[in-house]
>>> print(open('query13.txt').read())   # compact mmCIF, C-alpha atoms
# COMPACT_ATOMS: atom_id res chain seq x y z
CA MET I 14 125.32 103.97 114.43
CA ALA I 15 128.67 103.25 115.97
CA THR I 16 128.38 101.75 119.38
CA PRO I 17 130.81 102.74 122.12
CA LEU I 18 133.85 100.55 122.24
CA SER I 19 133.91 99.13 125.72
CA GLU I 20 136.29 96.43 126.77
CA SER I 21 133.59 94.09 128.04
CA ASP I 22 131.75 93.55 124.74
CA THR I 23 134.92 93.45 122.67
CA ILE I 24 136.50 90.05 122.17
CA SER I 25 139.09 90.91 119.54
CA LEU I 26 142.15 92.71 120.81
CA PRO I 27 143.98 95.52 119.04
CA PRO I 28 147.43 94.38 117.87
CA ASP I 29 149.31 96.93 119.97
CA GLY I 30 147.68 95.56 123.13
CA ARG I 31 146.72 98.98 124.50
CA PRO I 32 143.30 99.43 126.17
CA ALA I 33 140.23 100.51 124.19
CA SER I 34 140.35 104.05 125.58
CA GLU I 35 143.75 104.61 124.00
CA GLN I 36 142.76 103.29 120.60
CA PRO I 37 142.21 105.60 117.61
CA ALA I 38 138.63 106.70 116.87
CA TRP I 39 138.34 104.74 113.61
CA ARG I 40 138.27 101.50 115.58
CA ARG I 41 134.79 102.45 116.79
CA ASP I 42 133.58 102.92 113.22
CA PHE I 43 135.13 99.72 111.88
CA PRO I 44 134.82 97.13 114.63
CA ILE I 45 136.11 93.64 113.98
CA ASP I 46 133.63 91.95 116.27
CA TRP I 47 130.37 90.94 114.68
CA PRO I 48 128.02 92.16 117.46
CA GLN I 49 129.36 95.71 117.18
CA ASP I 50 129.24 95.75 113.42
CA GLN I 51 125.79 97.23 112.92
CA ASP I 52 126.62 99.09 109.78
CA VAL I 53 123.87 99.20 107.17
CA GLU I 54 124.99 97.96 103.78
CA ARG I 55 124.53 100.22 100.76
CA ARG I 56 122.29 97.70 99.05
CA ASP I 57 120.02 97.43 102.10
CA PHE I 58 119.89 101.20 102.39
CA VAL I 59 118.90 101.64 98.73
CA LYS I 60 116.29 98.91 99.12
CA PHE I 61 114.90 100.71 102.15
CA LEU I 62 114.75 104.03 100.28
CA THR I 63 112.98 102.48 97.29
CA LEU I 64 110.39 100.62 99.33
CA THR I 65 109.73 103.64 101.53
CA SER I 66 109.16 105.94 98.57
CA PHE I 67 106.79 103.32 97.07
CA ALA I 68 104.89 103.34 100.35
CA PHE I 69 104.67 107.14 100.16
CA VAL I 70 103.33 106.97 96.59
CA ILE I 71 100.66 104.48 97.63
CA GLY I 72 99.76 106.68 100.61
CA GLN I 73 99.38 109.72 98.33
CA LEU I 74 97.13 107.75 95.95
CA TRP I 75 95.00 106.64 98.89
CA ILE I 76 94.64 110.22 100.11
CA ALA I 77 93.69 111.39 96.60
CA GLY I 78 91.11 108.60 96.35
CA GLN I 79 89.64 109.53 99.71
CA SER I 80 89.23 113.19 98.83
CA TRP I 81 87.75 112.29 95.44
CA ARG I 82 85.21 110.06 97.20
CA ARG I 83 84.43 112.73 99.75
CA GLY I 84 83.90 115.31 97.00
CA ARG I 85 81.32 113.10 95.30
CA ALA I 86 79.43 112.33 98.50
CA GLU I 87 75.85 113.60 98.49
CA ALA I 88 74.69 116.17 101.00
CA PRO I 89 73.12 114.51 104.03
CA ALA I 90 69.36 114.39 104.14
CA GLY I 91 67.52 116.82 106.39
CA ARG I 92 66.24 115.49 109.65
CA ARG I 93 64.15 116.74 112.53
CA ILE I 94 66.30 116.90 115.63
CA ALA I 95 64.29 118.64 118.31
CA SER I 96 61.43 120.94 119.00
CA THR I 97 62.00 124.48 120.20
CA SER I 98 60.40 123.74 123.53
CA ASP I 99 63.05 121.04 124.24
CA ILE I 100 65.77 123.52 125.12
CA PRO I 101 65.63 126.71 127.14
CA VAL I 102 67.56 129.83 126.14
CA GLY I 103 71.21 129.19 126.98
CA GLY I 104 70.63 125.45 126.96
CA SER I 105 72.15 122.88 124.67
CA LEU I 106 71.30 119.49 123.23
CA VAL I 107 73.54 116.80 121.80
CA PHE I 108 72.26 115.00 118.72
CA GLU I 109 73.71 112.71 116.08
CA TYR I 110 73.96 114.18 112.61
CA PRO I 111 74.52 113.38 109.76
CA ASN I 112 75.39 109.80 110.71
CA PRO I 113 74.97 107.93 113.96
CA HIS I 114 78.01 108.51 116.22
CA ASP I 115 78.68 111.89 114.54
CA THR I 116 77.72 113.86 117.60
CA SER I 117 76.76 117.46 117.09
CA VAL I 118 75.57 120.00 119.58
CA LEU I 119 72.60 122.35 119.29
CA VAL I 120 72.64 125.57 121.36
CA ARG I 121 69.81 128.01 121.84
CA VAL I 122 71.68 131.29 121.92
CA ALA I 123 68.63 133.55 122.09
CA GLU I 124 64.88 133.17 122.05
CA SER I 125 64.77 132.66 118.29
CA GLU I 126 68.42 132.01 117.54
CA PHE I 127 69.71 128.45 117.30
CA VAL I 128 73.20 127.33 116.31
CA ALA I 129 74.55 123.81 115.85
CA PHE I 130 78.09 122.58 115.29
CA SER I 131 79.81 119.26 115.07
CA GLN I 132 81.09 118.38 118.49
CA LYS I 133 84.36 117.00 117.12
CA CYS I 134 87.22 119.41 117.82
CA THR I 135 89.17 120.12 114.64
CA HIS I 136 92.44 119.64 116.49
CA LEU I 137 92.39 116.03 117.71
CA SER I 138 88.69 115.14 117.68
CA CYS I 139 87.88 115.57 121.35
CA ALA I 140 84.28 116.51 122.17
CA VAL I 141 83.86 120.25 122.59
CA ILE I 142 81.68 121.54 125.43
CA PRO I 143 79.32 124.50 124.84
CA LYS I 144 79.65 127.32 127.37
CA PRO I 145 76.83 129.69 126.44
CA ASP I 146 77.52 131.97 129.41
CA ALA I 147 81.02 132.67 128.11
CA GLY I 148 79.87 132.54 124.50
CA VAL I 149 82.34 129.81 123.52
CA PHE I 150 82.81 126.13 122.85
CA HIS I 151 85.62 124.83 124.98
CA CYS I 152 87.73 121.80 124.17
CA PRO I 153 89.15 120.46 127.45
CA CYS I 154 91.83 118.29 125.83
CA HIS I 155 94.18 121.07 124.72
CA GLU I 156 92.34 124.20 125.76
CA GLY I 157 90.90 124.95 122.36
CA VAL I 158 88.25 127.67 122.29
CA PHE I 159 85.68 128.28 119.52
CA ASP I 160 83.17 131.09 119.15
CA LEU I 161 79.67 130.01 120.10
CA ARG I 162 77.86 131.76 117.27
CA THR I 163 80.25 131.24 114.38
CA GLY I 164 82.32 128.21 115.42
CA ARG I 165 85.56 130.03 114.56
CA VAL I 166 88.72 129.38 116.52
CA ILE I 167 89.34 131.95 119.23
CA ALA I 168 92.23 130.33 121.07
CA GLY I 169 94.22 127.16 121.30
CA PRO I 170 95.60 124.66 118.79
CA PRO I 171 92.57 123.86 116.53
CA PRO I 172 93.45 124.69 112.91
CA ARG I 173 89.89 125.08 111.47
CA PRO I 174 86.46 126.24 112.63
CA LEU I 175 83.95 123.62 113.75
CA PRO I 176 81.79 122.24 110.93
CA ARG I 177 78.48 124.05 111.09
CA ILE I 178 75.17 122.17 110.98
CA LEU I 179 72.68 124.11 108.88
CA LEU I 180 69.41 124.49 110.73
CA GLU I 181 65.90 125.28 109.73
CA VAL I 182 63.15 126.11 112.17
CA ARG I 183 59.68 125.16 110.90
CA GLY I 184 57.04 126.14 113.37
CA SER I 185 58.11 124.56 116.61
CA ASP I 186 60.41 121.92 115.04
CA ILE I 187 64.12 122.28 114.39
CA TYR I 188 65.51 120.49 111.33
CA ALA I 189 69.13 119.86 110.44
CA THR I 190 69.40 120.35 106.70
CA GLY I 191 73.07 120.06 105.93
CA ILE I 192 76.64 120.40 107.10
CA GLU I 193 79.02 123.14 106.15
CA THR I 194 82.73 122.38 106.48
CA ARG I 195 84.97 125.43 106.42
CA SER I 196 88.72 125.57 106.06
CA VAL I 197 89.18 129.03 107.59
CA MET E 74 127.43 79.72 118.57
CA LYS E 75 130.42 77.40 118.88
CA PRO E 76 130.41 75.56 122.25
CA GLU E 77 132.84 77.24 124.64
CA HIS E 78 134.50 74.06 125.87
CA LEU E 79 135.40 72.66 122.44
CA HIS E 80 138.66 73.70 120.82
CA PHE E 81 140.62 72.92 117.71
CA PHE E 82 144.04 71.28 118.28
CA ILE E 83 146.60 70.87 115.53
CA ASP E 84 149.35 68.32 116.05
CA PRO E 85 151.70 68.89 113.10
CA SER E 86 153.98 65.99 114.02
CA ARG E 87 151.11 63.56 113.43
CA CYS E 88 150.32 64.78 109.92
CA ILE E 89 150.95 62.06 107.34
CA GLY E 90 150.19 64.21 104.31
CA CYS E 91 147.25 62.09 103.14
CA GLN E 92 145.24 65.13 101.99
CA SER E 93 142.03 63.68 103.45
CA CYS E 94 141.27 67.02 105.10
CA VAL E 95 141.78 68.85 101.81
CA GLN E 96 139.38 66.50 100.02
CA ALA E 97 136.81 66.63 102.79
CA CYS E 98 136.95 70.42 102.95
CA SER E 99 136.50 70.89 99.22
CA GLU E 100 133.37 68.73 99.25
CA CYS E 101 131.55 71.24 101.43
CA ASP E 102 128.61 73.01 99.85
CA THR E 103 129.43 76.35 101.45
CA HIS E 104 132.53 76.63 99.19
CA ARG E 105 132.00 73.78 96.77
CA GLY E 106 135.14 72.56 95.06
CA GLU E 107 137.55 74.79 96.96
CA SER E 108 139.52 73.65 99.95
CA MET E 109 139.93 76.09 102.82
CA ILE E 110 142.65 73.93 104.35
CA HIS E 111 146.01 73.20 102.79
CA LEU E 112 149.10 71.21 103.67
CA ASP E 113 152.44 72.98 103.93
CA TYR E 114 155.72 71.16 103.38
CA ILE E 115 158.19 72.14 106.08
CA ASP E 116 161.40 71.29 104.29
CA ARG E 117 160.48 69.81 100.98
CA ALA E 118 164.02 69.04 99.86
CA ASN E 119 164.81 66.80 102.80
CA SER E 120 161.50 65.64 104.23
CA VAL E 121 157.97 64.61 103.31
CA GLN E 122 156.67 66.09 106.54
CA THR E 123 153.59 68.23 106.05
CA VAL E 124 151.66 70.58 108.29
CA PRO E 125 147.89 71.16 107.96
CA VAL E 126 147.08 74.88 107.87
CA VAL E 127 143.69 76.04 109.06
CA CYS E 128 142.66 79.47 110.26
CA MET E 129 144.07 80.01 113.75
CA HIS E 130 141.26 82.44 114.73
CA CYS E 131 143.52 85.05 116.29
CA GLU E 132 142.49 87.24 119.18
CA GLN E 133 144.13 90.04 117.17
CA PRO E 134 142.98 89.12 113.65
CA THR E 135 145.48 90.82 111.38
CA CYS E 136 143.41 89.96 108.30
CA ALA E 137 140.50 91.99 109.71
CA GLU E 138 142.87 94.76 110.82
CA VAL E 139 144.11 95.35 107.29
CA CYS E 140 140.80 94.86 105.48
CA PRO E 141 139.96 98.20 103.79
CA ALA E 142 136.39 97.08 103.02
CA ASP E 143 135.53 96.07 106.59
CA ALA E 144 134.61 92.65 105.26
CA ILE E 145 136.21 90.32 107.81
CA LYS E 146 134.25 89.98 111.03
CA ARG E 147 134.64 87.93 114.16
CA THR E 148 131.63 86.40 115.90
CA ALA E 149 131.26 86.44 119.66
CA ASP E 150 132.45 82.82 119.95
CA GLY E 151 135.86 83.88 118.66
CA VAL E 152 135.54 82.55 115.12
CA VAL E 153 137.00 84.84 112.46
CA GLN E 154 134.50 84.51 109.63
CA SER E 155 135.19 84.35 105.93
CA ALA E 156 134.87 87.65 104.04
CA ARG E 157 131.39 89.15 103.88
CA LYS E 158 130.44 88.67 100.24
CA PRO E 159 128.80 92.09 99.63
CA ARG E 160 131.77 93.93 101.07
CA CYS E 161 134.85 92.02 99.94
CA ILE E 162 136.69 93.80 97.12
CA ALA E 163 139.26 91.02 96.64
CA CYS E 164 142.18 93.36 97.26
CA GLY E 165 144.20 90.59 98.86
CA ASN E 166 145.47 92.64 101.80
CA CYS E 167 144.44 89.85 104.15
CA VAL E 168 146.35 87.30 102.10
CA VAL E 169 149.52 89.32 102.52
CA ALA E 170 148.89 90.21 106.14
CA CYS E 171 147.90 86.85 107.66
CA PRO E 172 150.88 85.52 109.62
CA PHE E 173 149.73 81.95 109.05
CA GLY E 174 149.00 82.16 105.32
CA VAL E 175 145.34 81.23 105.52
CA PRO E 176 143.17 83.59 103.42
CA GLU E 177 143.02 83.10 99.69
CA VAL E 178 141.57 85.42 97.06
CA TYR E 179 139.49 83.88 94.30
CA GLU E 180 140.02 86.25 91.41
CA ASP E 181 137.28 84.72 89.23
CA ARG E 182 134.58 85.62 91.77
CA LYS E 183 136.43 88.59 93.31
CA LEU E 184 136.12 87.19 96.79
CA MET E 185 138.38 86.14 99.63
CA MET E 186 137.45 82.86 101.24
CA LYS E 187 139.08 81.34 104.25
CA CYS E 188 138.62 78.64 106.84
CA ASP E 189 135.82 79.55 109.26
CA MET E 190 136.19 76.41 111.39
CA CYS E 191 133.20 74.95 109.45
CA TYR E 192 130.92 77.48 111.11
CA ASP E 193 127.83 75.72 109.78
CA ARG E 194 128.93 72.61 111.67
CA THR E 195 130.68 73.92 114.79
CA SER E 196 127.91 76.41 115.51
CA VAL E 197 125.51 73.50 115.98
CA GLY E 198 127.97 71.48 118.05
CA LYS E 199 129.47 69.28 115.31
CA LYS E 200 133.16 68.88 114.59
CA PRO E 201 134.86 70.64 111.69
CA MET E 202 134.96 68.36 108.62
CA CYS E 203 138.77 68.11 108.51
CA ALA E 204 138.91 66.99 112.14
CA THR E 205 136.35 64.26 111.51
CA VAL E 206 138.26 62.77 108.57
CA CYS E 207 141.86 63.09 109.76
CA PRO E 208 143.07 59.48 110.13
CA SER E 209 146.06 60.33 112.34
CA GLN E 210 144.28 62.89 114.54
CA ALA E 211 146.70 65.60 113.52
CA LEU E 212 143.55 67.71 113.43
CA PHE E 213 141.60 67.23 116.61
CA TYR E 214 138.45 68.98 117.80
CA GLY E 215 137.36 68.43 121.37
CA SER E 216 137.79 69.53 124.93
CA ALA E 217 141.07 70.37 126.68
CA GLU E 218 140.59 67.36 128.97
CA GLU E 219 140.32 64.98 126.02
CA ILE E 220 143.50 66.23 124.39
CA ALA E 221 145.39 66.07 127.70
CA LEU E 222 144.47 62.38 127.97
CA LEU E 223 145.23 61.63 124.32
CA ARG E 224 148.59 63.47 124.13
CA PRO E 225 150.38 63.07 127.45
CA MET E 226 153.72 64.10 125.93
CA SER E 227 152.45 67.28 124.35
CA GLU E 228 150.89 70.48 125.50
CA PRO E 229 148.71 72.93 123.57
CA ILE E 230 150.15 76.38 122.87
CA ASN E 231 148.38 79.39 121.40
CA ARG E 232 150.95 82.18 121.72
CA PHE E 233 153.02 83.03 118.70
CA GLN E 234 155.70 85.69 118.56
CA PHE E 235 156.25 87.52 115.28
CA GLY E 236 159.07 89.92 116.00
CA GLN E 237 157.59 92.60 118.27
CA GLN E 238 154.03 91.33 117.88
CA THR E 239 152.46 88.61 120.00
CA ILE E 240 149.50 86.77 118.50
CA THR E 241 147.26 84.60 120.63
CA THR E 242 144.89 82.27 118.86
CA ARG E 243 141.74 80.27 119.54
CA VAL E 244 143.21 77.28 117.72
CA PHE E 245 145.92 75.40 119.61
CA VAL E 246 149.08 73.79 118.29
CA MET E 247 150.43 70.74 120.13
CA ALA E 248 154.09 71.12 121.09
CA PRO E 249 156.42 68.83 123.04
CA ARG E 250 155.83 69.31 126.74
CA GLN E 251 159.51 69.83 127.62
CA PHE E 252 159.78 72.83 125.29
CA VAL E 253 156.49 74.40 126.31
CA ARG E 254 157.73 74.47 129.92
CA LEU E 255 160.73 76.52 128.83
CA ALA E 256 159.01 78.80 126.34
CA PRO E 257 155.26 79.26 126.66
CA GLY E 258 154.94 80.63 123.14
CA LEU E 259 156.43 79.85 119.78
CA ASP E 260 158.84 82.44 118.42
CA VAL E 261 157.96 82.15 114.76
CA THR E 262 160.55 84.61 113.50
CA ALA E 263 163.28 82.64 115.28
CA VAL E 264 161.96 79.42 113.77
CA LEU E 265 162.06 80.96 110.31
CA ASP E 266 165.77 81.60 110.83
CA THR E 267 166.49 77.95 111.58
CA ARG E 268 168.39 76.16 108.87
CA PRO E 269 167.05 72.96 107.32
CA GLY E 270 167.68 70.01 109.56
CA GLN E 271 167.40 71.98 112.76
CA ASP E 272 164.51 71.41 115.10
CA VAL E 273 162.00 74.26 115.40
CA PHE E 274 162.71 74.34 119.12
CA ASP E 275 166.48 74.44 118.76
CA HIS E 276 166.55 78.13 119.68
CA VAL E 277 165.12 77.27 123.10
CA GLU E 278 167.99 76.62 125.48
CA ILE E 279 167.38 73.61 127.65
>>> encode(input="query13.txt", output="C-alpha cells")
Amino acid sequence: MATPLSESDTISLPPDGRPASEQPAWRRDFPIDWPQDQDVERRDFVKFLTLTSFAFVIGQLWIAGQSWRRGRAEAPAGRRIASTSDIPVGGSLVFEYPNPHDTSVLVRVAESEFVAFSQKCTHLSCAVIPKPDAGVFHCPCHEGVFDLRTGRVIAGPPPRPLPRILLEVRGSDIYATGIETRSV
Amino acid sequence: MKPEHLHFFIDPSRCIGCQSCVQACSECDTHRGESMIHLDYIDRANSVQTVPVVCMHCEQPTCAEVCPADAIKRTADGVVQSARKPRCIACGNCVVACPFGVPEVYEDRKLMMKCDMCYDRTSVGKKPMCATVCPSQALFYGSAEEIALLRPMSEPINRFQFGQQTITTRVFVMAPRQFVRLAPGLDVTAVLDTRPGQDVFDHVEI
C-alpha cells in the first residue's frame, strides 16, 4: 500500500525542490524514505502464499478427520427424560441429551403428542425458545423461526432444521432414543 | 537511530593520505574486505594532497532518485543506506549519478555497496570507524559545538551547487571561514573549471 506523500513525514527532498503536491504520482509508489517504503518483496509474498496454502491444506485435512470421526460415532444411548405428567399440554421442558450441556427441549404439543429438538439454533448456536401458542421455536438472536412440530426453518437466517430428538413414550415415561440430524 | 546532535565533518585540508580510514573501513564485518571510503587525489601531477570521500547523505539523494530497482532507501535519521540486497540489480545507475562518486558496484556479487556512515555503529551512538582512526582528524564525528571549538578558522558547509541543481547534505565539509562568509555553498561546477594550481575558492571574489 502506498502511503500518502505528506511533507511532514518526508525527509528526503525531490531534486527540483517543488512541494510534494506538485510531484509526479510515481514518487508515492517509490518513496526514498525508509518509513514510507512499505512495499512487500516478491520473496516475502511468495513465502506468504506458500505458507497460507499449507495452512489451508492442514485445515482441510482436519475437517475431513472430524467428519470421518463423526461418521463413526455410535448412536447415543436411550435415556428416560421425563414422565408424561411432568408437562402439561402446551408446556415445555429443557433436558440435556445426548451429552451433558447439549440442551434439548421437549414440548407437549397435544395430549399424546410430544416433540423434542436440540435447543441449539443451526445459525449461530443461540438457544431457541419454544412458543407453542404460535407453533414455532423462536431464536431471539437473529429472529430465526422454526416449526414447532417438524423443526424446519420457517423464517430467518438458520440454514438447516433443528436436530430432532427421537422420542419413545412407554407407559407414563418419555425416553429419548436417538438424535436425527437433517441437512434440509 | 543516529543521534540528532552528532554530525560528520570532513576537513579535506587536514588529510595526510595515510589510508588509515580505508584500512579501518575494509576490516568491518558488514562488508568484509571492501572499503566504503576512498581517498581522491586533487591534482596528482603537482600535489600529494588527498581528500577522503564518504557518502555525503544528501537531502536529495540522486543515487536513490535514479535507482530503477527502488533499492536505495533513506532512514528517518537522514542516513542514505547501502543498496537493499534483494532489490539491487547492480545496474550502476547510482554510480554514474552520484555527484560525489561514492557508490560502487561489485560485479562479482551483483550488488552496489556504499558508505552508510557505519550504521551499525552510529545507530547505537558510536562514531563511524574512519572517524575513530583518522590521525589528523580530517574525518571528525561529533557535535557542531565541538567542531566550532576545534576549528576556529573554518566553518562547516553542506550546500553544493552542481550547475542548476543545489544539493544539501547531512555530512559537512570544513571550509575556510572567510570564503564561507562570501559564498555559503560550494559551486562544484565552477571548481571543476579551475585550472591546476588555482585555489578551489578562487572563483569567489573577495
>>> closest_residue(input="query13.txt", among="E:Ala142, E:Ala163, E:Ala217, E:Ile230", to="chain I", atoms="only C-alpha atoms")
E:Ala142
>>> closest_residue(input="query13.txt", among="E:Arg243, E:Lys183, E:Arg87, E:His80", to="chain I", atoms="only C-alpha atoms")
E:Arg243
>>> residues_around(input="query13.txt", residues="segment 99-103 of chain E", least_positions_apart="4", cutoff="10 Å", atoms="only C-alpha atoms", output="PyMOL selection string")
chain E and resi 94-95+107-110+191-193+202-203
>>> interface_residues(input="query13.txt", of="chain E", to="chain I", cutoff="9 Å", atoms="only C-alpha atoms", output="VMD selection string")
chain E and resid 131 to 135 137 to 138 143 to 151 153 159 to 160 238 to 240
>>> atom_distance(input="query13.txt", atom1="atom CA of Lys144 of chain I", atom2="atom CA of Ser131 of chain I")
14.7 Å
>>> atom_distance(input="query13.txt", atom1="atom CA of Ile94 of chain I", atom2="atom CA of Glu193 of chain I")
17.0 Å
>>> closest_residue(input="query13.txt", among="E:Val126, E:Ser196, E:Gly90, E:Gln234", to="Val264 of chain E", atoms="only C-alpha atoms")
E:Gln234
>>> closest_residue(input="query13.txt", among="E:Ala97, E:Leu212, E:Met185, E:Val127", to="Phe173 of chain E", atoms="all atoms listed in the file")
E:Val127
>>> closest_residue(input="query13.txt", among="E:Pro172, E:Thr241, E:Ala156, E:Ile83", to="Pro229 of chain E", atoms="all atoms listed in the file")
E:Ile83
>>> atom_distance(input="query13.txt", atom1="atom CA of Glu126 of chain I", atom2="atom CA of Arg93 of chain I")
16.6 Å
>>> residues_around(input="query13.txt", residues="segment 165-168 of chain I", least_positions_apart="4", cutoff="10 Å", atoms="all atoms listed in the file", output="PDB file with C-alpha atoms, keeping the file's coordinate frame")
ATOM      1  CA  THR I 135      89.170 120.120 114.640  1.00  0.00           C
ATOM      2  CA  VAL I 149      82.340 129.810 123.520  1.00  0.00           C
ATOM      3  CA  PHE I 150      82.810 126.130 122.850  1.00  0.00           C
ATOM      4  CA  HIS I 151      85.620 124.830 124.980  1.00  0.00           C
ATOM      5  CA  GLU I 156      92.340 124.200 125.760  1.00  0.00           C
ATOM      6  CA  GLY I 157      90.900 124.950 122.360  1.00  0.00           C
ATOM      7  CA  VAL I 158      88.250 127.670 122.290  1.00  0.00           C
ATOM      8  CA  PHE I 159      85.680 128.280 119.520  1.00  0.00           C
ATOM      9  CA  ASP I 160      83.170 131.090 119.150  1.00  0.00           C
ATOM     10  CA  LEU I 161      79.670 130.010 120.100  1.00  0.00           C
ATOM     11  CA  PRO I 172      93.450 124.690 112.910  1.00  0.00           C
ATOM     12  CA  ARG I 173      89.890 125.080 111.470  1.00  0.00           C
ATOM     13  CA  PRO I 174      86.460 126.240 112.630  1.00  0.00           C
ATOM     14  CA  LEU I 175      83.950 123.620 113.750  1.00  0.00           C
ATOM     15  CA  PRO I 176      81.790 122.240 110.930  1.00  0.00           C
ATOM     16  CA  ARG I 177      78.480 124.050 111.090  1.00  0.00           C
ATOM     17  CA  ARG I 195      84.970 125.430 106.420  1.00  0.00           C
ATOM     18  CA  VAL I 197      89.180 129.030 107.590  1.00  0.00           C
TER      19      VAL I 197
END
